Amino acid sequence: MLDRDILLIVTNNDKVIKKYQEFYDIDYIDTESMYDVLIKVRDFIHKGYNLLTHPMSGSLKSNQTPYKSILIKKNNSTKFEDLELIESAIDNYNKFIKNRKLTSWPKNIKEDFKTVDLSLIESCFDKNLPLN
């Protein structure tokens with residue numbers, strides 16, 4: 001079982017905060033940009049954190065959803081594979097966004113995207129990551 005004290009959720013989704021703030025540390029980024037979350041996670045990886053969830057989980061394209069939550073853990077050593085994965089996610093984001101504009105979604109659709117992101121991170125919290 002993973003120790004809660006070494007886990008960190010990096011997110012720009014307030015629904016994730018509401019659900020997990022009393023159980024896990026959260027680094028909230030006040031933005032509607034998945035890119036900002038990816039960059040923040042990359043910075044944490046450089047500081048010795050490791051990825052526990054894939055930075056491009058879900059099937060939504062980069063210009064389709066502004067919300068992203070990524071679970072990482074403190075390990076005091078950088079895993080090259082994690083660094084490659086996050087850099088690849090950033091590159092994919094940039095390639096996809098290039099020559100395309102970000103969609104300006106109405107509030108109700110944004111709330112739906114937050115719910116999708118929340119459900120993706122919820123799938124990580126099973127018997128190995130309890131809420132008690």
# chains A, B, ... in the order shown; residues from 1 in each chain; ligands from 1
$ closest_atom_pairs --of "segment 90-109 of chain A" --to "segment 37-56 of chain A" --cutoff "12 Å" --atoms "only C-alpha atoms" --output "CSV"
residue,atom,partner,partner_atom,distance
A:Ile90,CA,A:Leu38,CA,6.4
A:Asp91,CA,A:Leu38,CA,10.2
A:Asn92,CA,A:Met56,CA,9.2
A:Tyr93,CA,A:Met56,CA,9.1
A:Asn94,CA,A:Leu38,CA,11.1
$ closest_residue --among "A:Tyr35, A:Ile6, A:Thr65, A:Gly58" --to "Phe23 of chain A" --atoms "only C-alpha atoms"
A:Ile6
$ residues_around --residues "Lys68 of chain A" --least-positions-apart "2" --cutoff "7 Å" --atoms "only C-alpha atoms" --output "MDAnalysis selection string"
chainID A and resid 11:13 34 37 66 70 117
$ write_last_selection --atoms "C-alpha atoms" --output "short mmCIF file (atom, residue, chain, number, x, y, z; two decimals), in the first residue's frame"
data_model
loop_
_atom_site.label_atom_id
_atom_site.label_comp_id
_atom_site.auth_asym_id
_atom_site.auth_seq_id
_atom_site.Cartn_x
_atom_site.Cartn_y
_atom_site.Cartn_z
CA THR A 11 -4.67 19.54 -10.85
CA ASN A 12 -6.53 22.51 -12.21
CA ASN A 13 -9.89 20.91 -11.40
CA MET A 34 -3.91 21.41 -19.40
CA VAL A 37 -0.58 21.19 -15.36
CA PRO A 66 -8.86 22.33 -20.25
CA ILE A 70 -2.12 13.83 -12.45
CA ASP A 117 -11.26 14.37 -15.26
#
$ residues_around --residues "Asp14 of chain A" --least-positions-apart "5" --cutoff "12 Å" --atoms "only C-alpha atoms" --output "list in words"
Ile9, Lys19, Tyr20, Gln21, Ile26, Asp27, Tyr28, Ile29, Asp30, Thr31, Glu32, Tyr67, Lys68, Ser69, Lys110, Glu111, Phe113, Lys114, Thr115, Asp117 and Leu118 of chain A
$ closest_residue --among "A:Ser33, A:Val116, A:Asp3, A:Lys98" --to "Lys73 of chain A" --atoms "only C-alpha atoms"
A:Asp3
$ atom_distance --atom1 "atom CA of Tyr24 of chain A" --atom2 "atom CA of Leu8 of chain A"
6.6 Å
